[in-house]
Amino acid sequence: MANPVKSLKAQKHELGETEFQLKVLNDTEKLGFEMPKFKSKLQAIDLYPLKPTGLEILQINVGKMCNQVCAHCHVDAGPDRKEIMTKETMELCLDALKNHTFHTVDLTGGAPEMNPNFRWFVEQIRAIDSEIKIIVRCNLTIILANPRFHDLPDFFKTHKVEVVSSLPAYTEARTDAQRGNGVFRDSIKALQMLNAVGYGQVGSGLELNLVYNPSGAFLPSGQAGLELNFKRKLKADFGIEFNQLFAITNIPISRYLDYLIVSDNYGAYMEKLLNAYNPGAAEHVMCRNTLSIGWDGFVFDCDFNQMLDLKVACGAKHLRDFDREELENRSIIVNQHCFGCTAGAGSSCGGEVAQATA
Ligand code: SF4
Ligand code: SF4
């Protein structure tokens, strides 16, 4: 998987347009085989329209700016992206958190820490509720990218923030191929810095979880086995400890979709997703208990629908019009990319969601 230098948007690539991505996803000719609609799979198990089970997790994308340009990035993030959540929009997020009972806030980006108001935002969330789970999707290298980020491990510790970080492999070559030259070395240093303040250590209460995603056109193998391998190798080679490993399937949108098409793997990958479709995973897809908020305050069913600009199908399309009842009763928008969440043991921001079918 070759590492790009610019976002699709900066390249003015046609896949930088969400309408074009949706057209590709629904174009049978491009696939080379007749792919059933995801919706029909849900209909067959009486799960359509797909409904929320509750609003438990608020996932907030605080901006698309990132210090990396990873090949598989579904956000199309990078240093050239300037979309950043303002303090005013953060205030709207805080209002939603004050008035409604989410047990988790999941902060993502881009590199969320690059938002100038990131630390203020974390402090405000913690002030609302000392027990709410705050997750930051930290890409690790940001900690070393600039001296002003070197103290992030201490900041995370002070505010009891759970750190979730991508590391596609425990080897330098595979990690750098997907995430950029030097990423593995800096990620290892950052993990050691997090370990040094207590993250991933037994009894510290400071959670450090890693995310594995395949570095090619294949599906992840079992999460438990991958976790064992990662734990053994990272401990033996670098003395690193962490809590859990989440195995995530690459969703065929944005830069990963571009990779699939350029490498002539698109049809075969979609066929793999279809063949691995698991109705058990469909019941537990993350959009059923999560709401995703865009950098500009718009509301989506999940991070992937956000990147395809598919806003929630109800009146509460923006945080300004937040309406819990409407959101709990909405129908979730599904499309062909949803096959990525239901293949094998399923995939979510927290990894597998079900037992894999044989
Ligand atoms: S670190 Fe994350 S947000 Fe940044 S480019 Fe890589 S995958 Fe995208
Ligand atoms: S892509 Fe989003 S909407 Fe589709 S199943 Fe996955 S979480 Fe749900």
# chains A, B, ... in the order shown; residues from 1 in each chain; ligands from 1
call {"tool": "select_by_dssp", "arguments": {"residues": "range 29-61 of chain A", "states": "alpha helix (DSSP H)", "output": "list in words"}}
result
Glu29, Lys30, Leu31, Phe38, Lys39, Ser40, Lys41, Leu42, Gln43 and Ala44 of chain A
call {"tool": "residues_around", "arguments": {"residues": "Asp176 in chain A", "least_positions_apart": "4", "cutoff": "12 Å", "atoms": "only C-alpha atoms", "output": "mmCIF file with N, CA and C atoms, in the first residue's frame"}}
result
data_model
loop_
_atom_site.group_PDB
_atom_site.id
_atom_site.type_symbol
_atom_site.label_atom_id
_atom_site.label_comp_id
_atom_site.auth_asym_id
_atom_site.auth_seq_id
_atom_site.Cartn_x
_atom_site.Cartn_y
_atom_site.Cartn_z
ATOM 1 N N MET A 1 0.851 -1.181 0.000
ATOM 2 C CA MET A 1 0.000 0.000 0.000
ATOM 3 C C MET A 1 0.897 1.245 0.000
ATOM 4 N N ALA A 2 0.993 1.919 -1.159
ATOM 5 C CA ALA A 2 1.915 3.065 -1.239
ATOM 6 C C ALA A 2 1.374 4.254 -0.454
ATOM 7 N N ASN A 3 2.256 4.970 0.180
ATOM 8 C CA ASN A 3 1.861 6.093 1.015
ATOM 9 C C ASN A 3 1.716 7.375 0.195
ATOM 10 N N PRO A 4 0.526 8.020 0.222
ATOM 11 C CA PRO A 4 0.364 9.248 -0.578
ATOM 12 C C PRO A 4 1.040 10.444 0.093
ATOM 13 N N GLN A 68 0.008 13.214 9.560
ATOM 14 C CA GLN A 68 0.300 12.064 8.697
ATOM 15 C C GLN A 68 -0.629 12.079 7.474
ATOM 16 N N VAL A 69 -0.253 11.267 6.487
ATOM 17 C CA VAL A 69 -1.117 11.091 5.303
ATOM 18 C C VAL A 69 -1.161 9.576 5.026
ATOM 19 N N CYS A 70 -1.885 8.835 5.855
ATOM 20 C CA CYS A 70 -1.869 7.373 5.741
ATOM 21 C C CYS A 70 -2.625 6.915 4.491
ATOM 22 N N ALA A 71 -2.119 5.841 3.908
ATOM 23 C CA ALA A 71 -2.673 5.348 2.648
ATOM 24 C C ALA A 71 -4.130 4.919 2.761
ATOM 25 N N THR A 141 2.423 9.563 16.642
ATOM 26 C CA THR A 141 3.534 10.394 16.170
ATOM 27 C C THR A 141 3.332 11.863 16.524
ATOM 28 N N LEU A 167 -1.765 1.017 15.085
ATOM 29 C CA LEU A 167 -0.439 0.466 14.794
ATOM 30 C C LEU A 167 -0.699 -0.770 13.930
ATOM 31 N N PRO A 168 -0.598 -0.598 12.602
ATOM 32 C CA PRO A 168 -1.023 -1.695 11.726
ATOM 33 C C PRO A 168 -0.115 -2.925 11.762
ATOM 34 N N ALA A 169 1.088 -2.789 12.311
ATOM 35 C CA ALA A 169 1.987 -3.947 12.372
ATOM 36 C C ALA A 169 3.026 -3.710 13.460
ATOM 37 N N TYR A 170 3.674 -4.801 13.905
ATOM 38 C CA TYR A 170 4.754 -4.627 14.882
ATOM 39 C C TYR A 170 6.112 -4.605 14.180
ATOM 40 N N THR A 171 6.063 -4.406 12.854
ATOM 41 C CA THR A 171 7.322 -4.270 12.116
ATOM 42 C C THR A 171 7.347 -2.913 11.411
ATOM 43 N N GLU A 172 8.590 -2.414 11.252
ATOM 44 C CA GLU A 172 8.780 -1.069 10.701
ATOM 45 C C GLU A 172 8.298 -0.975 9.243
ATOM 46 N N GLY A 180 3.492 6.031 6.516
ATOM 47 C CA GLY A 180 4.502 7.027 6.176
ATOM 48 C C GLY A 180 5.857 6.700 6.792
ATOM 49 N N ASN A 181 6.924 7.175 6.130
ATOM 50 C CA ASN A 181 8.277 6.880 6.610
ATOM 51 C C ASN A 181 8.514 7.438 8.006
ATOM 52 N N GLY A 182 9.120 6.636 8.851
ATOM 53 C CA GLY A 182 9.472 7.081 10.203
ATOM 54 C C GLY A 182 8.345 6.937 11.206
ATOM 55 N N VAL A 183 7.144 6.554 10.743
ATOM 56 C CA VAL A 183 5.994 6.475 11.653
ATOM 57 C C VAL A 183 6.197 5.374 12.698
ATOM 58 N N PHE A 184 6.748 4.240 12.280
ATOM 59 C CA PHE A 184 6.904 3.144 13.234
ATOM 60 C C PHE A 184 7.848 3.560 14.372
ATOM 61 N N ARG A 185 8.988 4.140 14.008
ATOM 62 C CA ARG A 185 9.986 4.512 15.018
ATOM 63 C C ARG A 185 9.378 5.512 16.018
ATOM 64 N N ASP A 186 8.695 6.520 15.505
ATOM 65 C CA ASP A 186 8.090 7.527 16.390
ATOM 66 C C ASP A 186 6.933 6.927 17.208
ATOM 67 N N SER A 187 6.187 5.995 16.604
ATOM 68 C CA SER A 187 5.072 5.368 17.338
ATOM 69 C C SER A 187 5.627 4.580 18.527
ATOM 70 N N SER A 215 -2.948 -4.106 6.079
ATOM 71 C CA SER A 215 -2.198 -3.213 5.184
ATOM 72 C C SER A 215 -2.266 -3.751 3.761
#
call {"tool": "residues_near_ligand", "arguments": {"ligand": "ligand 2", "cutoff": "6 Å", "atoms": "only C-alpha atoms and all ligand atoms", "output": "compact mmCIF listing (two decimals) with all heavy atoms, in the first residue's frame"}}
result
# COMPACT_ATOMS: atom_id res chain seq x y z
N VAL A 285 -23.75 -3.44 14.79
CA VAL A 285 -22.94 -2.37 14.18
C VAL A 285 -22.96 -1.12 15.07
O VAL A 285 -23.95 -0.85 15.76
CB VAL A 285 -23.43 -2.03 12.74
CG1 VAL A 285 -22.96 -3.09 11.76
CG2 VAL A 285 -24.95 -1.87 12.69
N MET A 286 -21.86 -0.39 15.04
CA MET A 286 -21.68 0.69 16.04
C MET A 286 -22.64 1.87 15.87
O MET A 286 -22.90 2.60 16.83
CB MET A 286 -20.23 1.19 16.03
CG MET A 286 -19.82 1.85 14.76
SD MET A 286 -18.11 2.39 14.85
CE MET A 286 -17.80 2.76 13.13
N CYS A 287 -23.21 2.03 14.65
CA CYS A 287 -24.13 3.15 14.46
C CYS A 287 -25.39 3.00 15.31
O CYS A 287 -26.16 3.95 15.45
CB CYS A 287 -24.51 3.26 12.99
SG CYS A 287 -24.96 1.67 12.26
N ASP A 301 -24.66 9.15 11.36
CA ASP A 301 -24.86 7.86 12.01
C ASP A 301 -23.52 7.24 12.45
O ASP A 301 -23.47 6.48 13.41
CB ASP A 301 -25.54 6.87 11.05
CG ASP A 301 -26.88 7.39 10.55
OD1 ASP A 301 -27.75 7.64 11.39
OD2 ASP A 301 -27.04 7.57 9.33
N CYS A 302 -22.47 7.52 11.71
CA CYS A 302 -21.14 6.99 12.05
C CYS A 302 -20.10 7.81 11.32
O CYS A 302 -20.42 8.63 10.45
CB CYS A 302 -21.04 5.51 11.65
SG CYS A 302 -20.89 5.28 9.86
N PHE A 304 -18.08 6.86 9.08
CA PHE A 304 -18.00 6.57 7.63
C PHE A 304 -19.10 7.33 6.89
O PHE A 304 -18.83 7.91 5.84
CB PHE A 304 -18.09 5.05 7.39
CG PHE A 304 -17.07 4.29 8.19
CD1 PHE A 304 -17.45 3.40 9.18
CD2 PHE A 304 -15.71 4.50 7.97
CE1 PHE A 304 -16.51 2.74 9.94
CE2 PHE A 304 -14.77 3.84 8.72
CZ PHE A 304 -15.16 2.96 9.72
N ASN A 305 -20.30 7.33 7.45
CA ASN A 305 -21.37 8.12 6.83
C ASN A 305 -20.98 9.60 6.84
O ASN A 305 -21.31 10.35 5.92
CB ASN A 305 -22.70 7.92 7.57
CG ASN A 305 -23.36 6.60 7.17
OD1 ASN A 305 -22.76 5.80 6.46
ND2 ASN A 305 -24.57 6.38 7.64
N ILE A 333 -28.88 5.45 7.94
CA ILE A 333 -28.65 5.36 6.48
C ILE A 333 -27.59 4.30 6.20
O ILE A 333 -26.48 4.36 6.75
CB ILE A 333 -28.17 6.71 5.93
CG1 ILE A 333 -29.22 7.79 6.22
CG2 ILE A 333 -27.88 6.62 4.43
CD1 ILE A 333 -28.76 9.19 5.90
N VAL A 334 -27.94 3.32 5.39
CA VAL A 334 -26.96 2.29 5.04
C VAL A 334 -26.68 2.32 3.54
O VAL A 334 -27.49 2.80 2.76
CB VAL A 334 -27.44 0.87 5.45
CG1 VAL A 334 -27.54 0.75 6.96
CG2 VAL A 334 -28.76 0.50 4.78
N HIS A 337 -20.91 0.43 1.56
CA HIS A 337 -19.72 0.43 2.43
C HIS A 337 -20.00 -0.28 3.75
O HIS A 337 -19.09 -0.72 4.44
CB HIS A 337 -19.24 1.86 2.69
CG HIS A 337 -20.25 2.72 3.40
ND1 HIS A 337 -21.45 3.08 2.84
CD2 HIS A 337 -20.25 3.27 4.64
CE1 HIS A 337 -22.14 3.82 3.69
NE2 HIS A 337 -21.43 3.95 4.80
N CYS A 338 -21.31 -0.41 4.11
CA CYS A 338 -21.67 -1.05 5.39
C CYS A 338 -21.26 -2.53 5.42
O CYS A 338 -21.13 -3.11 6.51
CB CYS A 338 -23.17 -0.93 5.64
SG CYS A 338 -23.72 0.78 5.79
N CYS A 341 -18.57 -3.30 7.86
CA CYS A 341 -18.83 -3.43 9.31
C CYS A 341 -19.37 -4.81 9.68
O CYS A 341 -19.46 -5.14 10.85
CB CYS A 341 -19.84 -2.38 9.76
SG CYS A 341 -19.23 -0.71 9.69
call {"tool": "residues_near_ligand", "arguments": {"ligand": "ligand 1", "cutoff": "10 Å", "atoms": "only C-alpha atoms and all ligand atoms", "output": "CSV table (one decimal) with all heavy atoms, in the first residue's frame"}}
result
chain,number,residue,atom,x,y,z
A,4,PRO,N,0.5,8.0,0.2
A,4,PRO,CA,0.4,9.2,-0.6
A,4,PRO,C,1.0,10.4,0.1
A,4,PRO,O,1.4,10.4,1.3
A,4,PRO,CB,-1.2,9.4,-0.6
A,4,PRO,CG,-1.6,8.8,0.7
A,4,PRO,CD,-0.7,7.7,1.0
A,6,LYS,N,-0.3,13.7,-0.4
A,6,LYS,CA,-1.4,14.8,-0.3
A,6,LYS,C,-2.7,14.1,-0.1
A,6,LYS,O,-2.9,13.0,-0.7
A,6,LYS,CB,-1.4,15.6,-1.5
A,6,LYS,CG,-0.4,16.7,-1.6
A,6,LYS,CD,-0.8,17.5,-2.8
A,6,LYS,CE,0.3,18.6,-3.1
A,6,LYS,NZ,0.1,19.2,-4.4
A,7,SER,N,-3.7,14.8,0.5
A,7,SER,CA,-5.0,14.3,0.5
A,7,SER,C,-5.6,14.2,-0.9
A,7,SER,O,-5.2,14.9,-1.8
A,7,SER,CB,-5.9,15.2,1.4
A,7,SER,OG,-6.1,16.4,0.8
A,61,ASN,N,-15.5,14.4,15.7
A,61,ASN,CA,-14.4,14.7,14.8
A,61,ASN,C,-14.0,16.2,15.0
A,61,ASN,O,-14.7,17.0,14.5
A,61,ASN,CB,-14.7,14.3,13.4
A,61,ASN,CG,-13.5,14.4,12.5
A,61,ASN,OD1,-12.7,15.4,12.6
A,61,ASN,ND2,-13.2,13.4,11.7
A,63,GLY,N,-11.6,17.8,13.7
A,63,GLY,CA,-10.9,18.4,12.5
A,63,GLY,C,-10.2,17.4,11.7
A,63,GLY,O,-9.8,16.3,12.1
A,64,LYS,N,-10.0,17.7,10.4
A,64,LYS,CA,-9.4,16.8,9.4
A,64,LYS,C,-7.9,17.0,9.3
A,64,LYS,O,-7.2,16.3,8.5
A,64,LYS,CB,-10.1,16.9,8.1
A,64,LYS,CG,-11.6,16.5,8.1
A,64,LYS,CD,-12.2,16.5,6.8
A,64,LYS,CE,-13.6,16.0,6.9
A,64,LYS,NZ,-14.3,15.8,5.7
A,65,MET,N,-7.4,18.0,10.0
A,65,MET,CA,-5.9,18.2,9.9
A,65,MET,C,-5.2,17.1,10.6
A,65,MET,O,-5.5,16.7,11.7
A,65,MET,CB,-5.6,19.6,10.6
A,65,MET,CG,-4.2,20.0,10.3
A,65,MET,SD,-3.9,21.6,11.2
A,65,MET,CE,-4.7,22.7,10.1
A,66,CYS,N,-4.1,16.6,10.0
A,66,CYS,CA,-3.3,15.6,10.6
A,66,CYS,C,-1.8,15.7,10.1
A,66,CYS,O,-1.6,16.3,9.1
A,66,CYS,CB,-3.8,14.2,10.1
A,66,CYS,SG,-3.1,12.8,10.9
A,67,ASN,N,-0.9,15.3,11.0
A,67,ASN,CA,0.5,15.3,10.6
A,67,ASN,C,0.9,14.2,9.8
A,67,ASN,O,2.0,14.1,9.3
A,67,ASN,CB,1.4,15.4,11.9
A,67,ASN,CG,1.2,14.2,12.8
A,67,ASN,OD1,0.0,13.7,13.0
A,67,ASN,ND2,2.2,13.6,13.4
A,68,GLN,N,0.0,13.2,9.6
A,68,GLN,CA,0.3,12.1,8.7
A,68,GLN,C,-0.6,12.1,7.5
A,68,GLN,O,-1.6,12.8,7.5
A,68,GLN,CB,0.1,10.8,9.5
A,68,GLN,CG,1.1,10.6,10.6
A,68,GLN,CD,0.9,9.2,11.3
A,68,GLN,OE1,1.6,9.0,12.3
A,68,GLN,NE2,0.0,8.4,10.9
A,69,VAL,N,-0.3,11.3,6.5
A,69,VAL,CA,-1.1,11.1,5.3
A,69,VAL,C,-1.2,9.6,5.0
A,69,VAL,O,-0.5,9.1,4.1
A,69,VAL,CB,-0.6,11.8,4.1
A,69,VAL,CG1,-1.6,11.9,3.0
A,69,VAL,CG2,0.0,13.2,4.4
A,70,CYS,N,-1.9,8.8,5.9
A,70,CYS,CA,-1.9,7.4,5.7
A,70,CYS,C,-2.6,6.9,4.5
A,70,CYS,O,-3.7,7.5,4.1
A,70,CYS,CB,-2.5,6.7,7.0
A,70,CYS,SG,-1.7,7.3,8.5
A,71,ALA,N,-2.1,5.8,3.9
A,71,ALA,CA,-2.7,5.3,2.6
A,71,ALA,C,-4.1,4.9,2.8
A,71,ALA,O,-4.9,5.1,1.8
A,71,ALA,CB,-1.8,4.2,2.2
A,72,HIS,N,-4.5,4.4,3.9
A,72,HIS,CA,-5.9,3.8,4.0
A,72,HIS,C,-6.9,4.8,4.6
A,72,HIS,O,-8.0,4.4,4.9
A,72,HIS,CB,-5.8,2.6,5.0
A,72,HIS,CG,-5.5,3.0,6.4
A,72,HIS,ND1,-4.3,3.5,6.7
A,72,HIS,CD2,-6.3,3.0,7.5
A,72,HIS,CE1,-4.3,3.8,8.0
A,72,HIS,NE2,-5.5,3.5,8.5
A,73,CYS,N,-6.5,6.1,4.9
A,73,CYS,CA,-7.3,7.0,5.7
A,73,CYS,C,-8.7,7.2,5.1
A,73,CYS,O,-8.8,7.7,4.0
A,73,CYS,CB,-6.5,8.3,5.9
A,73,CYS,SG,-7.4,9.5,6.9
A,74,HIS,N,-9.7,6.9,5.9
A,74,HIS,CA,-11.1,7.1,5.4
A,74,HIS,C,-11.5,8.5,5.6
A,74,HIS,O,-12.6,8.9,5.1
A,74,HIS,CB,-12.0,6.1,6.2
A,74,HIS,CG,-12.3,6.5,7.6
A,74,HIS,ND1,-11.5,6.1,8.6
A,74,HIS,CD2,-13.3,7.2,8.2
A,74,HIS,CE1,-11.9,6.5,9.7
A,74,HIS,NE2,-13.0,7.2,9.5
A,75,VAL,N,-10.7,9.3,6.3
A,75,VAL,CA,-11.1,10.7,6.5
A,75,VAL,C,-10.5,11.6,5.4
A,75,VAL,O,-10.9,12.7,5.2
A,75,VAL,CB,-10.5,11.2,7.9
A,75,VAL,CG1,-10.9,12.7,8.2
A,75,VAL,CG2,-11.1,10.3,9.0
A,76,ASP,N,-9.5,11.1,4.7
A,76,ASP,CA,-8.7,11.8,3.7
A,76,ASP,C,-8.0,13.0,4.4
A,76,ASP,O,-8.0,14.1,3.9
A,76,ASP,CB,-9.6,12.3,2.6
A,76,ASP,CG,-8.8,12.8,1.4
A,76,ASP,OD1,-7.6,12.4,1.2
A,76,ASP,OD2,-9.3,13.7,0.6
A,77,ALA,N,-7.5,12.7,5.6
A,77,ALA,CA,-6.9,13.7,6.5
A,77,ALA,C,-5.4,13.9,6.0
A,77,ALA,O,-4.9,13.2,5.3
A,77,ALA,CB,-6.9,13.2,7.9
A,78,GLY,N,-4.9,15.0,6.5
A,78,GLY,CA,-3.5,15.3,6.1
A,78,GLY,C,-3.1,16.8,6.6
A,78,GLY,O,-4.0,17.5,7.0
A,79,PRO,N,-1.9,17.1,6.4
A,79,PRO,CA,-1.4,18.5,6.8
A,79,PRO,C,-2.1,19.6,5.9
A,79,PRO,O,-2.2,20.7,6.4
A,79,PRO,CB,0.1,18.5,6.5
A,79,PRO,CG,0.5,17.0,6.5
A,79,PRO,CD,-0.7,16.3,6.0
A,108,THR,N,-11.9,12.2,17.8
A,108,THR,CA,-11.2,11.7,16.7
A,108,THR,C,-10.8,12.9,15.7
A,108,THR,O,-11.2,14.0,16.0
A,108,THR,CB,-12.0,10.6,16.0
A,108,THR,OG1,-11.2,10.1,15.0
A,108,THR,CG2,-13.3,11.0,15.5
A,109,GLY,N,-10.1,12.6,14.6
A,109,GLY,CA,-9.8,13.6,13.7
A,109,GLY,C,-9.6,12.9,12.3
A,109,GLY,O,-10.3,11.9,12.0
A,110,GLY,N,-8.6,13.3,11.6
A,110,GLY,CA,-7.3,14.0,11.8
A,110,GLY,C,-6.6,13.6,13.1
A,110,GLY,O,-6.9,12.6,13.7
A,111,ALA,N,-5.6,14.4,13.4
A,111,ALA,CA,-5.0,14.3,14.7
A,111,ALA,C,-5.7,15.3,15.6
A,111,ALA,O,-5.5,16.5,15.5
A,111,ALA,CB,-3.5,14.7,14.6
A,112,PRO,N,-6.6,14.8,16.5
A,112,PRO,CA,-7.4,15.7,17.3
A,112,PRO,C,-6.6,16.7,18.1
A,112,PRO,O,-7.1,17.8,18.3
A,112,PRO,CB,-8.2,14.7,18.3
A,112,PRO,CG,-7.7,13.3,18.0
A,112,PRO,CD,-6.8,13.3,16.8
A,137,ARG,N,-8.4,9.3,19.9
A,137,ARG,CA,-7.8,8.5,18.9
A,137,ARG,C,-6.5,9.2,18.5
A,137,ARG,O,-6.5,10.1,17.7
A,137,ARG,CB,-8.7,8.4,17.7
A,137,ARG,CG,-10.1,7.9,18.1
A,137,ARG,CD,-10.6,6.7,17.3
A,137,ARG,NE,-11.7,6.1,18.2
A,137,ARG,CZ,-11.8,4.8,18.4
A,137,ARG,NH1,-11.0,4.0,17.8
A,137,ARG,NH2,-12.7,4.4,19.2
A,138,CYS,N,-5.4,8.9,19.2
A,138,CYS,CA,-4.1,9.5,19.1
A,138,CYS,C,-3.3,8.7,18.1
A,138,CYS,O,-3.1,7.5,18.3
A,138,CYS,CB,-3.5,9.6,20.5
A,138,CYS,SG,-1.8,10.1,20.4
A,139,ASN,N,-2.7,9.4,17.1
A,139,ASN,CA,-1.9,8.7,16.1
A,139,ASN,C,-0.5,8.4,16.6
A,139,ASN,O,0.3,7.9,15.8
A,139,ASN,CB,-2.0,9.4,14.7
A,139,ASN,CG,-1.2,10.6,14.7
A,139,ASN,OD1,-0.4,10.9,15.6
A,139,ASN,ND2,-1.4,11.4,13.7
A,140,LEU,N,-0.2,8.7,17.8
A,140,LEU,CA,1.1,8.5,18.4
A,140,LEU,C,2.2,9.5,18.0
A,140,LEU,O,2.8,10.1,18.8
A,140,LEU,CB,1.6,7.0,18.3
A,140,LEU,CG,0.7,6.0,19.0
A,140,LEU,CD1,1.2,4.6,18.6
A,140,LEU,CD2,0.7,6.1,20.5
A,141,THR,N,2.4,9.6,16.6
A,141,THR,CA,3.5,10.4,16.2
A,141,THR,C,3.3,11.9,16.5
A,141,THR,O,4.3,12.6,16.6
A,141,THR,CB,3.7,10.3,14.6
A,141,THR,OG1,2.5,10.7,14.0
A,141,THR,CG2,4.0,8.9,14.2
A,142,ILE,N,2.1,12.3,16.7
A,142,ILE,CA,1.8,13.7,17.1
A,142,ILE,C,2.5,14.1,18.4
A,142,ILE,O,3.0,15.2,18.5
A,142,ILE,CB,0.3,14.0,17.2
A,142,ILE,CG1,0.0,15.5,17.2
A,142,ILE,CG2,-0.4,13.3,18.3
A,142,ILE,CD1,0.3,16.2,16.0
A,165,SER,N,-4.8,4.0,19.8
A,165,SER,CA,-3.8,4.3,18.7
A,165,SER,C,-3.7,3.3,17.7
A,165,SER,O,-3.5,2.1,18.0
A,165,SER,CB,-2.5,4.6,19.4
A,165,SER,OG,-2.5,5.6,20.3
A,166,SER,N,-3.6,3.7,16.4
A,166,SER,CA,-3.4,2.7,15.3
A,166,SER,C,-1.9,2.3,15.3
A,166,SER,O,-1.0,3.1,15.4
A,166,SER,CB,-3.7,3.4,14.0
A,166,SER,OG,-5.1,3.4,13.8
A,167,LEU,N,-1.8,1.0,15.1
A,167,LEU,CA,-0.4,0.5,14.8
A,167,LEU,C,-0.7,-0.8,13.9
A,167,LEU,O,-1.0,-1.8,14.4
A,167,LEU,CB,0.3,0.1,16.1
A,167,LEU,CG,1.8,-0.2,15.9
A,167,LEU,CD1,2.6,1.1,15.5
A,167,LEU,CD2,2.4,-0.9,17.1
A,178,GLN,N,2.2,1.8,5.2
A,178,GLN,CA,0.8,2.3,5.3
A,178,GLN,C,0.7,3.7,5.8
A,178,GLN,O,-0.2,4.5,5.4
A,178,GLN,CB,0.0,1.3,6.2
A,178,GLN,CG,-1.5,1.7,6.2
A,178,GLN,CD,-2.3,0.7,7.2
A,178,GLN,OE1,-2.8,1.2,8.2
A,178,GLN,NE2,-2.3,-0.5,6.9
A,179,ARG,N,1.6,4.1,6.8
A,179,ARG,CA,1.4,5.3,7.5
A,179,ARG,C,2.4,6.4,7.2
A,179,ARG,O,2.3,7.5,7.7
A,179,ARG,CB,1.2,5.0,9.0
A,179,ARG,CG,0.0,4.1,9.3
A,179,ARG,CD,-0.1,3.7,10.7
A,179,ARG,NE,-0.6,4.8,11.6
A,179,ARG,CZ,-1.9,5.2,11.7
A,179,ARG,NH1,-2.8,4.6,11.0
A,179,ARG,NH2,-2.2,6.1,12.5
A,180,GLY,N,3.5,6.0,6.5
A,180,GLY,CA,4.5,7.0,6.2
A,180,GLY,C,5.9,6.7,6.8
A,180,GLY,O,5.9,6.1,7.9
A,183,VAL,N,7.1,6.6,10.7
A,183,VAL,CA,6.0,6.5,11.7
A,183,VAL,C,6.2,5.4,12.7
A,183,VAL,O,5.9,5.6,13.9
A,183,VAL,CB,4.7,6.2,10.9
A,183,VAL,CG1,3.5,5.8,11.8
A,183,VAL,CG2,4.3,7.5,10.1
A,255,ARG,N,-9.5,7.2,0.7
A,255,ARG,CA,-8.2,6.8,0.2
A,255,ARG,C,-8.1,5.3,0.1
A,255,ARG,O,-7.3,4.8,-0.8
A,255,ARG,CB,-7.1,7.4,1.1
A,255,ARG,CG,-7.0,8.9,1.0
A,255,ARG,CD,-5.6,9.5,1.1
A,255,ARG,NE,-5.1,9.4,2.4
A,255,ARG,CZ,-5.1,10.4,3.2
A,255,ARG,NH1,-5.6,11.6,2.9
A,255,ARG,NH2,-4.5,10.3,4.4
call {"tool": "closest_atom_pairs", "arguments": {"of": "range 218-304 of chain A", "to": "range 312-329 of chain A", "cutoff": "10 Å", "atoms": "only C-alpha atoms", "output": "tab-separated table"}}
result
residue	atom	partner	partner_atom	distance
A:Arg288	CA	A:Glu328	CA	9.2
A:Asn289	CA	A:Glu328	CA	9.2
A:Leu291	CA	A:Leu327	CA	8.8
A:Ser292	CA	A:Val312	CA	9.5
A:Ile293	CA	A:Leu319	CA	8.0
A:Gly294	CA	A:His318	CA	9.2
A:Asp296	CA	A:His318	CA	8.7
A:Gly297	CA	A:Leu319	CA	5.5
A:Phe298	CA	A:His318	CA	4.3
A:Val299	CA	A:Lys317	CA	5.2
A:Phe300	CA	A:Val312	CA	4.9
A:Asp301	CA	A:Val312	CA	5.9
A:Cys302	CA	A:Val312	CA	9.3
call {"tool": "atom_distance", "arguments": {"atom1": "CA of Ser347 in chain A", "atom2": "CA of Asp46 in chain A"}}
result
20.6 Å
call {"tool": "atom_distance", "arguments": {"atom1": "CA of Leu152 in chain A", "atom2": "CA of Asp303 in chain A"}}
result
24.4 Å
call {"tool": "closest_residue", "arguments": {"among": "A:Asn229, A:Pro153, A:His159, A:Met85", "to": "Tyr199 in chain A", "atoms": "only C-alpha atoms"}}
result
A:Pro153
call {"tool": "atom_distance", "arguments": {"atom1": "CA of Leu274 in chain A", "atom2": "CA of Glu14 in chain A"}}
result
25.5 Å
call {"tool": "closest_residue", "arguments": {"among": "A:Gln21, A:Thr342, A:Thr158, A:Thr175", "to": "Tyr212 in chain A", "atoms": "only C-alpha atoms"}}
result
A:Thr175
call {"tool": "select_by_dssp", "arguments": {"residues": "range 72-269 of chain A", "states": "strand (DSSP E)", "output": "count of residues only"}}
result
24
call {"tool": "closest_residue", "arguments": {"among": "A:Gln244, A:Asn335, A:Asn275, A:Asn26", "to": "Leu308 in chain A", "atoms": "only C-alpha atoms"}}
result
A:Asn335
